[in-house]
Amino acid sequence: MFATGAGRKQVAFATEGVTEMTAGAKGANYMFPMCRTVVDVGAEEGRGMKTDAEGKAVDFAGNEKCAAGAGSFAEAMSRALQMTLKEFGEASLKSDKSIPMNAQCTVFAESEVVSLIHSSTPKNDIAKAVLDAVASRVCAMVRRVGIEGEVVLIGGMVHNAGFVQSLKTAMGVDAVSLPDMPEYISALGCALIAAERQH
């Protein structure tokens, strides 16, 4: 029995653990065989991985600044604007402004958002500023491993259309491949690795 994810060591019946990077790279490459760059952005973490043709993770980088490069940051900011995460993502697509956000911490960024609200900045522009900031931090991680080949985004932030657009812009790519059920790509990768090791 194999387990992956942040809680893999707590799975008492698992005989082997697979890191999120190894599992994510394998799953993304299985879904998109030309994939060489995997971007994984969930609620708590963001990471970038480079994979070879077989789906083996050959390099990776993760976020170091609390949740500032992850989905929970966007969720906290959407709450500050009294919007659902879906509304937040859609609102950002209606903006063409670029407003820099400097705060690395969710708490301080919320203060920035409140300041923007008080200065009557439109919600669309604030939403885009937040998602641009998350995308910029994620992109900085991915650049550490290098952007090459097909880029695949996995994790829950795939569902945020505004973030996907911000990420494409930040990375300077025309397209980012988006799998169905992106939250389960690492689980798929773990299952594939388990199957390989049984033979």
# chains A, B, ... in the order shown; residues from 1 in each chain; ligands from 1
>>> residues_around(residues="segment 178-181 of chain A", least_positions_apart="5", cutoff="12 Å", atoms="only C-alpha atoms", output="JSON, numbers by chain")
{"A": [24, 27, 28, 29, 30, 31, 32, 35, 38, 39, 40, 150, 151, 152, 153, 154, 155, 156, 157, 158, 159, 160, 161, 164, 165, 168, 186, 187, 188]}
>>> write_last_selection(atoms="N, CA and C atoms", output="PDB file, in the first residue's frame")
ATOM      1  N   GLY A  24       3.163  13.981  -8.071  1.00  0.00           N
ATOM      2  CA  GLY A  24       2.595  14.992  -8.950  1.00  0.00           C
ATOM      3  C   GLY A  24       3.205  14.959 -10.339  1.00  0.00           C
ATOM      4  N   GLY A  27       1.878  11.771 -12.180  1.00  0.00           N
ATOM      5  CA  GLY A  27       0.485  11.900 -12.596  1.00  0.00           C
ATOM      6  C   GLY A  27       0.305  12.884 -13.738  1.00  0.00           C
ATOM      7  N   ALA A  28       0.973  14.041 -13.666  1.00  0.00           N
ATOM      8  CA  ALA A  28       0.852  15.063 -14.716  1.00  0.00           C
ATOM      9  C   ALA A  28       1.405  14.540 -16.034  1.00  0.00           C
ATOM     10  N   ASN A  29       2.536  13.837 -15.974  1.00  0.00           N
ATOM     11  CA  ASN A  29       3.151  13.304 -17.183  1.00  0.00           C
ATOM     12  C   ASN A  29       2.292  12.200 -17.807  1.00  0.00           C
ATOM     13  N   TYR A  30       1.593  11.427 -16.959  1.00  0.00           N
ATOM     14  CA  TYR A  30       0.703  10.377 -17.474  1.00  0.00           C
ATOM     15  C   TYR A  30      -0.450  11.008 -18.250  1.00  0.00           C
ATOM     16  N   MET A  31      -1.007  12.094 -17.709  1.00  0.00           N
ATOM     17  CA  MET A  31      -2.134  12.763 -18.368  1.00  0.00           C
ATOM     18  C   MET A  31      -1.690  13.542 -19.609  1.00  0.00           C
ATOM     19  N   PHE A  32      -0.477  14.109 -19.542  1.00  0.00           N
ATOM     20  CA  PHE A  32       0.054  14.923 -20.646  1.00  0.00           C
ATOM     21  C   PHE A  32       1.483  14.463 -20.928  1.00  0.00           C
ATOM     22  N   CYS A  35       4.465  16.748 -21.149  1.00  0.00           N
ATOM     23  CA  CYS A  35       4.697  17.611 -19.985  1.00  0.00           C
ATOM     24  C   CYS A  35       6.139  17.490 -19.500  1.00  0.00           C
ATOM     25  N   VAL A  38       5.764  20.998 -14.287  1.00  0.00           N
ATOM     26  CA  VAL A  38       4.531  20.809 -13.515  1.00  0.00           C
ATOM     27  C   VAL A  38       4.454  21.899 -12.448  1.00  0.00           C
ATOM     28  N   VAL A  39       3.307  22.577 -12.407  1.00  0.00           N
ATOM     29  CA  VAL A  39       3.062  23.597 -11.393  1.00  0.00           C
ATOM     30  C   VAL A  39       1.925  23.068 -10.522  1.00  0.00           C
ATOM     31  N   ASP A  40       2.183  22.929  -9.227  1.00  0.00           N
ATOM     32  CA  ASP A  40       1.201  22.369  -8.296  1.00  0.00           C
ATOM     33  C   ASP A  40       0.837  23.447  -7.277  1.00  0.00           C
ATOM     34  N   GLU A 150       5.814  21.250 -22.320  1.00  0.00           N
ATOM     35  CA  GLU A 150       4.421  21.546 -21.975  1.00  0.00           C
ATOM     36  C   GLU A 150       4.316  21.827 -20.478  1.00  0.00           C
ATOM     37  N   VAL A 151       3.602  22.901 -20.135  1.00  0.00           N
ATOM     38  CA  VAL A 151       3.404  23.271 -18.731  1.00  0.00           C
ATOM     39  C   VAL A 151       2.032  22.765 -18.283  1.00  0.00           C
ATOM     40  N   VAL A 152       2.012  22.011 -17.179  1.00  0.00           N
ATOM     41  CA  VAL A 152       0.761  21.474 -16.652  1.00  0.00           C
ATOM     42  C   VAL A 152       0.542  22.033 -15.245  1.00  0.00           C
ATOM     43  N   LEU A 153      -0.663  22.547 -15.001  1.00  0.00           N
ATOM     44  CA  LEU A 153      -1.032  23.042 -13.672  1.00  0.00           C
ATOM     45  C   LEU A 153      -1.912  22.005 -12.999  1.00  0.00           C
ATOM     46  N   ILE A 154      -1.547  21.612 -11.768  1.00  0.00           N
ATOM     47  CA  ILE A 154      -2.357  20.683 -10.991  1.00  0.00           C
ATOM     48  C   ILE A 154      -2.682  21.319  -9.635  1.00  0.00           C
ATOM     49  N   GLY A 155      -3.595  20.711  -8.892  1.00  0.00           N
ATOM     50  CA  GLY A 155      -4.004  21.274  -7.603  1.00  0.00           C
ATOM     51  C   GLY A 155      -5.278  22.084  -7.748  1.00  0.00           C
ATOM     52  N   GLY A 156      -5.870  22.439  -6.630  1.00  0.00           N
ATOM     53  CA  GLY A 156      -7.173  23.099  -6.609  1.00  0.00           C
ATOM     54  C   GLY A 156      -7.255  24.435  -7.314  1.00  0.00           C
ATOM     55  N   MET A 157      -6.129  25.153  -7.452  1.00  0.00           N
ATOM     56  CA  MET A 157      -6.175  26.473  -8.096  1.00  0.00           C
ATOM     57  C   MET A 157      -6.441  26.386  -9.598  1.00  0.00           C
ATOM     58  N   VAL A 158      -6.430  25.172 -10.150  1.00  0.00           N
ATOM     59  CA  VAL A 158      -6.829  24.991 -11.555  1.00  0.00           C
ATOM     60  C   VAL A 158      -8.253  25.521 -11.758  1.00  0.00           C
ATOM     61  N   HIS A 159      -9.082  25.404 -10.717  1.00  0.00           N
ATOM     62  CA  HIS A 159     -10.486  25.819 -10.822  1.00  0.00           C
ATOM     63  C   HIS A 159     -10.666  27.330 -10.821  1.00  0.00           C
ATOM     64  N   ASN A 160      -9.591  28.086 -10.561  1.00  0.00           N
ATOM     65  CA  ASN A 160      -9.681  29.543 -10.515  1.00  0.00           C
ATOM     66  C   ASN A 160      -9.190  30.117 -11.848  1.00  0.00           C
ATOM     67  N   ALA A 161     -10.156  30.465 -12.711  1.00  0.00           N
ATOM     68  CA  ALA A 161      -9.819  30.920 -14.066  1.00  0.00           C
ATOM     69  C   ALA A 161      -8.933  32.164 -14.053  1.00  0.00           C
ATOM     70  N   VAL A 164      -5.342  31.090 -13.370  1.00  0.00           N
ATOM     71  CA  VAL A 164      -4.758  30.434 -14.555  1.00  0.00           C
ATOM     72  C   VAL A 164      -4.261  31.492 -15.537  1.00  0.00           C
ATOM     73  N   GLN A 165      -5.085  32.517 -15.752  1.00  0.00           N
ATOM     74  CA  GLN A 165      -4.691  33.597 -16.670  1.00  0.00           C
ATOM     75  C   GLN A 165      -3.486  34.360 -16.129  1.00  0.00           C
ATOM     76  N   LYS A 168      -0.317  32.254 -16.609  1.00  0.00           N
ATOM     77  CA  LYS A 168       0.166  32.252 -17.999  1.00  0.00           C
ATOM     78  C   LYS A 168       0.934  33.536 -18.299  1.00  0.00           C
ATOM     79  N   SER A 186      -1.896  13.916  -8.092  1.00  0.00           N
ATOM     80  CA  SER A 186      -0.836  13.314  -7.269  1.00  0.00           C
ATOM     81  C   SER A 186      -1.240  11.918  -6.804  1.00  0.00           C
ATOM     82  N   ALA A 187      -2.527  11.730  -6.481  1.00  0.00           N
ATOM     83  CA  ALA A 187      -3.012  10.403  -6.089  1.00  0.00           C
ATOM     84  C   ALA A 187      -2.869   9.434  -7.261  1.00  0.00           C
ATOM     85  N   LEU A 188      -3.173   9.909  -8.469  1.00  0.00           N
ATOM     86  CA  LEU A 188      -3.001   9.091  -9.673  1.00  0.00           C
ATOM     87  C   LEU A 188      -1.537   8.706  -9.839  1.00  0.00           C
TER      88      LEU A 188
END
>>> residues_around(residues="Val114 of chain A", least_positions_apart="6", cutoff="12 Å", atoms="only C-alpha atoms", output="PyMOL selection string")
chain A and resi 77-82+107-108+120-123+126
>>> write_last_selection(atoms="N, CA and C atoms", output="tab-separated table (two decimals), in the first residue's frame")
chain	number	residue	atom	x	y	z
A	77	MET	N	-8.18	36.51	0.72
A	77	MET	CA	-8.41	37.80	0.07
A	77	MET	C	-9.82	37.89	-0.51
A	78	SER	N	-10.35	36.77	-1.02
A	78	SER	CA	-11.72	36.79	-1.55
A	78	SER	C	-12.71	37.04	-0.42
A	79	ARG	N	-12.43	36.48	0.77
A	79	ARG	CA	-13.29	36.73	1.93
A	79	ARG	C	-13.26	38.21	2.31
A	80	ALA	N	-12.08	38.82	2.23
A	80	ALA	CA	-11.95	40.24	2.56
A	80	ALA	C	-12.80	41.10	1.62
A	81	LEU	N	-12.99	40.61	0.39
A	81	LEU	CA	-13.82	41.33	-0.59
A	81	LEU	C	-15.27	40.86	-0.58
A	82	GLN	N	-15.57	39.92	0.34
A	82	GLN	CA	-16.92	39.36	0.45
A	82	GLN	C	-17.39	38.73	-0.86
A	107	VAL	N	-1.65	38.08	6.35
A	107	VAL	CA	-2.18	39.09	7.28
A	107	VAL	C	-1.88	40.50	6.76
A	108	PHE	N	-0.65	40.74	6.33
A	108	PHE	CA	-0.29	42.06	5.82
A	108	PHE	C	-0.95	42.34	4.48
A	120	SER	N	-11.31	53.12	-2.77
A	120	SER	CA	-12.33	52.92	-3.82
A	120	SER	C	-11.80	52.23	-5.07
A	121	THR	N	-10.79	51.38	-4.90
A	121	THR	CA	-10.30	50.58	-6.03
A	121	THR	C	-11.36	49.55	-6.37
A	122	PRO	N	-11.73	49.40	-7.64
A	122	PRO	CA	-12.76	48.42	-8.01
A	122	PRO	C	-12.36	46.99	-7.59
A	123	LYS	N	-13.36	46.20	-7.20
A	123	LYS	CA	-13.10	44.83	-6.76
A	123	LYS	C	-12.41	43.99	-7.83
A	126	ILE	N	-8.76	44.68	-7.64
A	126	ILE	CA	-8.15	44.11	-6.43
A	126	ILE	C	-7.97	42.60	-6.62
>>> residues_around(residues="segment 128-141 of chain A", least_positions_apart="6", cutoff="7 Å", atoms="only C-alpha atoms", output="ChimeraX atom specification")
/A:46-48,61-63,68-70,74,92,95,98-101,162-163,166-167,170-171
>>> write_last_selection(atoms="C-alpha atoms", output="PDB file, in the first residue's frame")
ATOM      1  CA  GLY A  46       2.758  25.849  -4.193  1.00  0.00           C
ATOM      2  CA  ARG A  47       5.595  24.074  -5.976  1.00  0.00           C
ATOM      3  CA  GLY A  48       7.220  23.753  -9.355  1.00  0.00           C
ATOM      4  CA  ALA A  61      11.177  24.096  -5.769  1.00  0.00           C
ATOM      5  CA  GLY A  62       8.542  24.928  -3.132  1.00  0.00           C
ATOM      6  CA  ASN A  63       7.186  28.104  -1.572  1.00  0.00           C
ATOM      7  CA  ALA A  68       1.474  33.593   0.070  1.00  0.00           C
ATOM      8  CA  GLY A  69       2.051  31.428  -3.017  1.00  0.00           C
ATOM      9  CA  ALA A  70      -0.970  29.189  -2.502  1.00  0.00           C
ATOM     10  CA  ALA A  74      -6.444  33.857  -2.555  1.00  0.00           C
ATOM     11  CA  SER A  92     -10.087  39.350 -11.973  1.00  0.00           C
ATOM     12  CA  SER A  95      -9.657  43.863 -15.069  1.00  0.00           C
ATOM     13  CA  SER A  98      -1.705  45.909 -12.862  1.00  0.00           C
ATOM     14  CA  ILE A  99      -1.578  46.888  -9.196  1.00  0.00           C
ATOM     15  CA  PRO A 100       1.512  45.628  -7.350  1.00  0.00           C
ATOM     16  CA  MET A 101       1.006  43.926  -3.984  1.00  0.00           C
ATOM     17  CA  GLY A 162      -8.339  34.259 -12.979  1.00  0.00           C
ATOM     18  CA  PHE A 163      -5.316  32.556 -11.434  1.00  0.00           C
ATOM     19  CA  SER A 166      -2.376  35.397 -14.217  1.00  0.00           C
ATOM     20  CA  LEU A 167      -0.033  32.394 -14.199  1.00  0.00           C
ATOM     21  CA  ALA A 170       3.622  35.658 -15.302  1.00  0.00           C
ATOM     22  CA  MET A 171       5.306  32.664 -16.935  1.00  0.00           C
TER      23      MET A 171
END
>>> closest_residue(among="A:Thr84, A:Gln198, A:Ser72, A:Thr19", to="Glu45 of chain A", atoms="only C-alpha atoms")
A:Ser72
>>> select_by_dssp(residues="segment 18-170 of chain A", states="strand (DSSP E or B)", output="number ranges by chain")
A: 18, 35-41, 46-51, 57-62, 150-154
>>> closest_residue(among="A:Thr51, A:Asn124, A:Thr169, A:Ser115", to="Lys26 of chain A", atoms="only C-alpha atoms")
A:Thr51
>>> closest_residue(among="A:Val58, A:Lys97, A:Val113, A:Ala91", to="Phe73 of chain A", atoms="only C-alpha atoms")
A:Val113
>>> closest_residue(among="A:Ala127, A:Val145, A:Ala53, A:Val176", to="Lys86 of chain A", atoms="only C-alpha atoms")
A:Ala127
>>> select_by_dssp(residues="segment 47-139 of chain A", states="alpha helix (DSSP H)", output="ChimeraX atom specification")
/A:71-80,85-92,106-118,123-139
>>> write_last_selection(atoms="C-alpha atoms", output="JSON list (two decimals), in the first residue's frame")
[["chain", "number", "residue", "atom", "x", "y", "z"],
["A", 71, "GLY", "CA", -4.74, 28.94, -2.67],
["A", 72, "SER", "CA", -5.48, 29.83, 0.95],
["A", 73, "PHE", "CA", -3.97, 33.27, 0.31],
["A", 74, "ALA", "CA", -6.44, 33.86, -2.55],
["A", 75, "GLU", "CA", -9.27, 32.47, -0.42],
["A", 76, "ALA", "CA", -8.48, 34.84, 2.47],
["A", 77, "MET", "CA", -8.41, 37.80, 0.07],
["A", 78, "SER", "CA", -11.72, 36.79, -1.55],
["A", 79, "ARG", "CA", -13.29, 36.73, 1.93],
["A", 80, "ALA", "CA", -11.95, 40.24, 2.56],
["A", 85, "LEU", "CA", -13.46, 32.16, -4.67],
["A", 86, "LYS", "CA", -15.19, 31.49, -8.01],
["A", 87, "GLU", "CA", -16.55, 35.07, -8.17],
["A", 88, "PHE", "CA", -13.10, 36.34, -7.19],
["A", 89, "GLY", "CA", -11.42, 34.51, -10.09],
["A", 90, "GLU", "CA", -14.05, 35.63, -12.58],
["A", 91, "ALA", "CA", -13.84, 39.25, -11.36],
["A", 92, "SER", "CA", -10.09, 39.35, -11.97],
["A", 106, "THR", "CA", -1.51, 36.87, 4.23],
["A", 107, "VAL", "CA", -2.18, 39.09, 7.28],
["A", 108, "PHE", "CA", -0.29, 42.06, 5.82],
["A", 109, "ALA", "CA", -1.72, 41.48, 2.35],
["A", 110, "GLU", "CA", -5.21, 41.67, 3.85],
["A", 111, "SER", "CA", -4.27, 45.13, 5.16],
["A", 112, "GLU", "CA", -3.22, 46.08, 1.62],
["A", 113, "VAL", "CA", -6.57, 44.85, 0.30],
["A", 114, "VAL", "CA", -8.45, 46.86, 2.95],
["A", 115, "SER", "CA", -6.43, 49.96, 1.95],
["A", 116, "LEU", "CA", -7.36, 49.39, -1.71],
["A", 117, "ILE", "CA", -11.04, 49.03, -0.73],
["A", 118, "HIS", "CA", -10.90, 52.30, 1.25],
["A", 123, "LYS", "CA", -13.10, 44.83, -6.76],
["A", 124, "ASN", "CA", -12.15, 43.47, -10.19],
["A", 125, "ASP", "CA", -8.81, 45.29, -10.00],
["A", 126, "ILE", "CA", -8.15, 44.11, -6.43],
["A", 127, "ALA", "CA", -8.94, 40.50, -7.37],
["A", 128, "LYS", "CA", -6.53, 40.68, -10.30],
["A", 129, "ALA", "CA", -3.83, 42.26, -8.10],
["A", 130, "VAL", "CA", -4.12, 39.41, -5.59],
["A", 131, "LEU", "CA", -4.06, 36.63, -8.20],
["A", 132, "ASP", "CA", -1.20, 38.34, -10.06],
["A", 133, "ALA", "CA", 0.74, 38.39, -6.77],
["A", 134, "VAL", "CA", 0.14, 34.67, -6.14],
["A", 135, "ALA", "CA", 1.05, 33.85, -9.76],
["A", 136, "SER", "CA", 4.22, 35.94, -9.51],
["A", 137, "ARG", "CA", 5.39, 34.03, -6.41],
["A", 138, "VAL", "CA", 4.56, 30.68, -7.99],
["A", 139, "CYS", "CA", 6.33, 31.68, -11.21]]
>>> atom_distance(atom1="atom CA of Glu20 of chain A", atom2="atom CA of Ile147 of chain A")
19.2 Å
